[in-house]
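Participant: Below is work.txt; it holds compact mmCIF, C-alpha atoms.
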```txt
# COMPACT_ATOMS: atom_id res chain seq x y z
CA MET I 209 -13.48 -24.69 5.31
CA LEU I 210 -10.51 -24.20 7.63
CA LYS I 211 -9.68 -20.64 8.55
CA LYS I 212 -6.72 -19.29 6.62
CA LYS I 213 -3.52 -18.50 8.44
CA SER I 214 -1.68 -15.23 7.85
CA ASP I 215 1.04 -17.07 5.92
CA ASP I 216 -1.64 -18.50 3.61
CA TYR I 217 -2.75 -15.00 2.61
CA LYS I 218 0.85 -13.90 2.09
CA GLU I 219 1.70 -16.91 -0.05
CA GLU I 220 -1.43 -16.41 -2.13
CA SER I 221 -0.50 -12.75 -2.67
CA ARG I 222 3.06 -13.67 -3.60
CA GLU I 223 1.92 -16.30 -6.11
CA LYS I 224 -0.76 -14.03 -7.58
CA PHE I 225 1.55 -11.09 -8.18
CA ASN I 226 4.43 -13.25 -9.37
CA LYS I 227 2.11 -14.55 -12.12
CA GLN I 228 0.71 -11.10 -12.93
CA ALA I 229 4.01 -9.23 -12.90
CA VAL I 230 4.84 -9.31 -16.62
CA LYS I 231 1.47 -7.87 -17.69
CA PHE I 232 0.57 -5.90 -14.56
CA ASP I 233 1.47 -2.53 -16.10
CA SER I 234 -0.83 -3.00 -19.07
CA ASP I 235 -3.66 -5.48 -18.38
CA ASN I 236 -6.83 -5.37 -16.32
CA GLU I 237 -5.18 -6.78 -13.18
CA GLY I 238 -3.26 -3.56 -12.62
CA LYS I 239 -6.00 -1.22 -13.80
CA HIS I 240 -7.34 -0.30 -10.36
CA SER I 241 -3.87 0.58 -9.11
CA ARG I 242 -3.14 2.74 -12.16
CA GLU I 243 -6.42 4.60 -11.69
CA LEU I 244 -5.33 5.70 -8.21
CA TYR I 245 -1.95 7.18 -9.10
CA ASP I 246 -3.21 10.65 -10.08
CA ASP I 247 -5.12 10.93 -6.81
CA VAL I 248 -2.09 9.83 -4.81
CA LEU I 249 0.17 12.31 -6.62
CA HIS I 250 -2.34 15.11 -6.04
CA LYS I 251 -2.51 14.30 -2.35
CA LEU I 252 1.29 14.11 -2.07
CA SER I 253 1.49 17.64 -3.45
CA GLN I 254 -0.13 18.86 -0.22
CA PHE I 255 2.83 17.71 1.89
CA SER I 256 6.52 18.45 2.17
CA PHE I 257 8.80 15.40 2.23
CA ASN I 258 12.35 14.38 1.36
CA LYS I 259 12.44 10.61 1.85
CA LEU I 260 9.55 8.43 0.68
CA LEU I 261 8.88 4.71 1.10
CA ASP I 262 6.28 2.94 -1.03
CA VAL I 263 5.03 -0.19 0.77
CA GLY I 264 3.79 -2.74 -1.75
CA CYS I 265 5.58 -0.92 -4.55
CA GLY I 266 4.81 -3.59 -7.15
CA THR I 267 6.36 -2.87 -10.53
CA GLY I 268 7.47 0.59 -9.44
CA ASN I 269 4.91 2.59 -11.42
CA LEU I 270 4.05 5.01 -8.64
CA LEU I 271 7.69 5.48 -7.69
CA SER I 272 8.50 6.30 -11.32
CA LEU I 273 5.80 8.96 -11.37
CA ILE I 274 7.03 10.43 -8.09
CA TYR I 275 10.60 10.46 -9.39
CA ASN I 276 9.48 12.49 -12.41
CA LYS I 277 7.70 15.03 -10.22
CA TYR I 278 9.75 15.39 -7.03
CA GLU I 279 13.43 15.61 -6.16
CA VAL I 280 13.32 13.22 -3.21
CA GLN I 281 14.97 10.01 -2.08
CA LEU I 282 12.80 7.02 -2.99
CA SER I 283 12.55 3.53 -1.52
CA GLY I 284 10.20 0.64 -2.13
CA VAL I 285 9.44 -2.77 -0.69
CA ASP I 286 7.37 -5.64 -2.09
CA LEU I 287 6.61 -9.27 -1.25
CA SER I 288 6.64 -10.47 -4.88
CA PRO I 289 10.13 -11.07 -6.33
CA ASN I 290 8.81 -10.94 -9.89
CA MET I 291 7.11 -7.58 -9.38
CA LEU I 292 10.25 -6.26 -7.73
CA ASP I 293 12.43 -7.44 -10.63
CA ILE I 294 10.37 -5.31 -13.02
CA ALA I 295 10.59 -2.34 -10.66
CA LEU I 296 14.37 -2.75 -10.53
CA ASP I 297 14.60 -2.81 -14.33
CA LYS I 298 12.39 0.26 -14.52
CA LEU I 299 14.00 2.37 -11.82
CA GLY I 300 17.58 1.16 -11.57
CA GLU I 301 19.44 3.34 -9.09
CA LYS I 302 16.64 5.90 -8.90
CA ALA I 303 15.20 4.08 -5.88
CA ASP I 304 16.32 1.79 -3.09
CA LEU I 305 14.16 -1.27 -3.78
CA ARG I 306 14.08 -4.24 -1.42
CA TRP I 307 12.22 -7.51 -1.10
CA GLY I 308 10.39 -7.71 2.19
CA ASP I 309 7.29 -8.30 4.26
CA SER I 310 5.20 -5.28 5.25
CA GLU I 311 5.15 -6.63 8.81
CA ASN I 312 8.94 -6.54 8.97
CA LEU I 313 10.16 -3.62 6.87
CA PRO I 314 13.88 -3.83 6.02
CA PHE I 315 14.63 -0.21 6.97
CA GLU I 316 15.98 1.61 10.02
CA ASP I 317 13.82 3.45 12.54
CA GLY I 318 12.74 6.95 11.49
CA SER I 319 14.10 6.60 7.95
CA PHE I 320 11.24 8.34 6.10
CA ASP I 321 9.04 11.40 6.30
CA MET I 322 6.45 9.97 3.88
CA VAL I 323 5.14 6.42 3.48
CA THR I 324 2.66 5.48 0.76
CA CYS I 325 0.64 2.28 0.43
CA THR I 326 -1.45 2.08 -2.73
CA ASP I 327 -3.85 -0.78 -3.53
CA SER I 328 -2.01 -3.05 -1.11
CA PHE I 329 -3.45 -2.57 2.38
CA HIS I 330 -6.39 -4.96 1.80
CA HIS I 331 -3.87 -7.81 1.36
CA TYR I 332 -2.48 -7.58 4.89
CA PRO I 333 -3.68 -10.26 7.34
CA HIS I 334 -2.33 -8.29 10.33
CA PRO I 335 -2.90 -4.61 9.49
CA GLU I 336 -2.01 -3.51 13.02
CA ASN I 337 1.45 -5.04 12.63
CA VAL I 338 1.92 -3.28 9.30
CA LEU I 339 0.89 0.07 10.74
CA SER I 340 3.22 -0.43 13.69
CA GLU I 341 6.11 -1.09 11.30
CA ILE I 342 5.23 1.97 9.22
CA LYS I 343 5.12 3.99 12.43
CA ARG I 344 8.59 2.67 13.31
CA VAL I 345 10.19 3.69 9.99
CA LEU I 346 8.52 7.12 9.93
CA ASN I 347 10.24 10.03 11.59
CA PRO I 348 8.18 11.84 14.28
CA LYS I 349 6.83 14.43 11.84
CA GLY I 350 6.20 11.91 9.06
CA THR I 351 3.02 11.27 7.07
CA LEU I 352 1.30 8.04 6.03
CA LEU I 353 -0.86 7.92 2.90
CA ILE I 354 -3.03 4.88 2.15
CA ALA I 355 -5.13 4.48 -1.00
CA ASP I 356 -7.17 1.29 -1.19
CA PRO I 357 -10.37 -0.23 -2.61
CA TRP I 358 -13.65 0.71 -0.97
CA ALA I 359 -17.29 -0.28 -1.33
CA PRO I 360 -20.47 0.88 0.43
CA THR I 361 -22.65 -1.25 2.67
CA PRO I 362 -23.72 -4.03 1.95
CA PHE I 363 -21.35 -4.58 -0.97
CA ARG I 364 -18.28 -4.27 1.23
CA GLN I 365 -19.56 -6.96 3.59
CA LEU I 366 -20.37 -9.27 0.67
CA ALA I 367 -16.92 -8.71 -0.81
CA ASN I 368 -15.32 -9.56 2.52
CA ILE I 369 -17.25 -12.83 2.70
CA TYR I 370 -16.10 -13.70 -0.82
CA MET I 371 -12.49 -12.96 0.07
CA ARG I 372 -12.51 -15.75 2.65
CA PHE I 373 -12.84 -18.27 -0.18
CA SER I 374 -10.80 -16.55 -2.87
CA LYS I 375 -7.21 -17.47 -3.71
CA GLY I 376 -5.94 -13.98 -4.51
CA GLY I 377 -4.49 -13.06 -1.13
CA ASN I 378 -7.19 -10.46 -0.47
CA VAL I 379 -8.05 -10.11 3.20
CA LYS I 380 -10.50 -7.27 3.82
CA LEU I 381 -12.03 -4.05 2.48
CA TYR I 382 -12.25 -1.39 5.18
CA SER I 383 -14.86 1.20 6.03
CA ASN I 384 -14.02 4.74 7.07
CA ILE I 385 -14.75 3.83 10.70
CA GLU I 386 -12.57 0.72 10.59
CA ILE I 387 -9.59 2.55 9.09
CA HIS I 388 -9.92 5.31 11.68
CA LYS I 389 -9.96 2.72 14.47
CA LEU I 390 -6.88 0.91 13.14
CA LEU I 391 -4.92 4.14 12.77
CA ASN I 392 -6.00 5.52 16.16
CA ASN I 393 -5.11 2.27 17.90
CA THR I 394 -1.65 2.36 16.34
CA GLY I 395 -0.98 5.92 17.46
CA PHE I 396 -1.64 7.91 14.28
CA LYS I 397 -3.30 11.30 14.51
CA ASN I 398 -4.77 14.00 12.24
CA ILE I 399 -6.56 11.33 10.20
CA GLU I 400 -8.22 12.60 7.02
CA TRP I 401 -10.29 10.12 4.98
CA GLU I 402 -12.06 10.71 1.70
CA GLN I 403 -13.76 8.60 -0.91
CA ILE I 404 -12.21 8.85 -4.36
CA SER I 405 -15.12 9.72 -6.60
CA GLY I 406 -15.99 7.17 -9.27
CA LYS I 407 -13.11 4.82 -8.48
CA ASN I 408 -14.44 2.55 -5.71
CA ALA I 409 -11.55 3.59 -3.51
CA PHE I 410 -10.59 5.78 -0.57
CA ILE I 411 -7.51 7.77 0.32
CA VAL I 412 -6.47 8.52 3.88
CA THR I 413 -3.60 10.56 5.30
CA CYS I 414 -2.42 10.74 8.89
CA LYS I 415 0.53 11.78 11.03
CA LEU I 416 2.29 10.74 14.21
CA ILE I 417 2.04 14.15 15.88
```
Would you give me this structure, written as structure tokens?
Facilitator:
Amino acid sequence: MLKKKSDDYKEESREKFNKQAVKFDSDNEGKHSRELYDDVLHKLSQFSFNKLLDVGCGTGNLLSLIYNKYEVQLSGVDLSPNMLDIALDKLGEKADLRWGDSENLPFEDGSFDMVTCTDSFHHYPHPENVLSEIKRVLNPKGTLLIADPWAPTPFRQLANIYMRFSKGGNVKLYSNIEIHKLLNNTGFKNIEWEQISGKNAFIVTCKLI
């Protein structure tokens, strides 16, 4: 089997989420994401922020929850037009929602003091590029929060082998060590990683200074 190119993963993700968009908020496909929202909201409560970007915002569920809890400026970006259409219907003018690639975020430098990425990071074929873009749009005192699927050894390795042959746009599940290395190499500091109990997921926060 020929090795997939980065555009192959992106196209698979776009097609997958375009098809899932209508039922994503209610069926099993979106269940894992929905299970992480409470943990993300709890973690957000530990930080002060005024402008938040959700990378891979999907149908806008997390942004809706944040809107109901915080008085902050909200933005979101997603690769799937169909998911974004639902988010636009849901949020209207409550958030600045844009179609875009996580490797080329359509926002100015230093625009945000909080960036979230929930159940999306494992879809990125070039995670270093994504982290560099997030670093660019964060202001110097900003915070990055990633929540993503996790599995222990050897199940993580087996899942990663399976992903090479799947058609869902999944690229890789990361260990604690691997996430730390990616973030360190991109210039993030104060990295705090924790496993989310009972949800086969982790949550990590980090800063630029």
Participant: Have a look at I:Val345, I:Ala295, I:Arg306, I:His330 and name the one nearest to Asp233 in chain I; count all atoms listed in the file.
Facilitator: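 When distances to Asp233 in chain I are compared using all atoms listed in the file, the smallest one comes from I:Ala295.
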Participant: Please report as JSON lines every residue of range 274-364 of chain I lying within 9 Å of range 211-224 of chain I, along with the nearest atom pair and their distance in Å (one decimal), using only C-alpha atoms.
Facilitator:
```
{"residue": "I:Leu287", "atom": "CA", "partner": "I:Arg222", "partner_atom": "CA", "distance": 6.1}
{"residue": "I:Ser288", "atom": "CA", "partner": "I:Arg222", "partner_atom": "CA", "distance": 5.0}
{"residue": "I:Pro289", "atom": "CA", "partner": "I:Arg222", "partner_atom": "CA", "distance": 8.0}
{"residue": "I:Asn290", "atom": "CA", "partner": "I:Arg222", "partner_atom": "CA", "distance": 8.9}
{"residue": "I:Asp309", "atom": "CA", "partner": "I:Lys218", "partner_atom": "CA", "distance": 8.8}
{"residue": "I:His331", "atom": "CA", "partner": "I:Ser221", "partner_atom": "CA", "distance": 7.2}
{"residue": "I:Tyr332", "atom": "CA", "partner": "I:Lys218", "partner_atom": "CA", "distance": 7.7}
{"residue": "I:Pro333", "atom": "CA", "partner": "I:Ser214", "partner_atom": "CA", "distance": 5.4}
{"residue": "I:His334", "atom": "CA", "partner": "I:Ser214", "partner_atom": "CA", "distance": 7.4}
```
Participant: Which is closer to Asp317 in chain I than all the others in I:Leu346, I:Ile294, I:Leu390, I:Leu305, using all atoms listed in the file?
Facilitator: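 Comparing I:Leu346, I:Ile294, I:Leu390, I:Leu305 against Asp317 in chain I, the winner is I:Leu346.
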Participant: Nearest to Glu402 in chain I: which of I:Tyr278, I:Asp247, I:Thr267, I:Asn258 is it, counting only C-alpha atoms?
Facilitator: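 Using only C-alpha atoms, Glu402 in chain I sits closest to I:Asp247.
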Participant: Mind checking which residues fall within 6 Å of range 353-363 of chain I, counting all atoms listed in the file, ignoring those fewer than 3 positions away in the same chain, and posting them as JSON, numbers by chain?
Facilitator: {"I": [324, 325, 326, 327, 366, 408, 409, 410, 411, 412, 413]}
Participant: For a quick check of understanding, using all atoms listed in the file, which of I:Pro335, I:Gly395, I:Gly284, I:Gly406 has the smallest distance to Phe315 in chain I?
Facilitator: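 Under the stated criterion, the closest residue is I:Gly284.
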Participant: Work out how far CA of Phe257 in chain I is from CA of Leu271 in chain I, in Å to one decimal.
Facilitator: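 Separation between CA of Leu271 in chain I and CA of Phe257 in chain I: 14.1 Å.
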Participant: Might you pull out every residue within 9 Å of Ile399 in chain I, with all atoms listed in the file counted and same-chain residues fewer than 3 positions away left off, and present them as an NGL selection string?
Facilitator: :I and (388 or 391-392 or 396 or 412-415)
Participant: Skipping near chain neighbours, those fewer than 4 positions away, what residues fall within 12 Å of Val285 in chain I using all atoms listed in the file, listed as an MDAnalysis selection string?
Facilitator: chainID I and resid 260:268 271 289 291:293 295:296 303:315 323:325 328 342
Participant: Enclose range 279-283 of chain I, meaning all of its atoms listed in the file, in a box aligned along x, y and z, pad it by 8 Å on each side, and list the centre and edge lengths in Å to one decimal, as JSON.
Facilitator:
```
{"center_x": 13.8, "center_y": 9.6, "center_z": -3.8, "size_x": 18.4, "size_y": 28.1, "size_z": 20.6}
```
Participant: Could you tell me which of I:Pro348, I:Gln365, I:Gly376, I:Met371 comes closest to Lys397 in chain I if we count only C-alpha atoms?
Facilitator: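 When distances to Lys397 in chain I are compared using only C-alpha atoms, the smallest one comes from I:Pro348.
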Participant: At what distance in Å, to one decimal, does CA of Glu316 in chain I lie from CA of Tyr382 in chain I?
Facilitator: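 Computing the Euclidean distance for CA of Tyr382 in chain I and CA of Glu316 in chain I yields 28.8 Å.
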Participant: With all atoms listed in the file as the atoms that count, which of I:Lys302, I:Thr394, I:Gly238, I:Phe329 lies nearest to Glu341 in chain I?
Facilitator: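 Counting all atoms listed in the file, the residue closest to Glu341 in chain I is I:Thr394.
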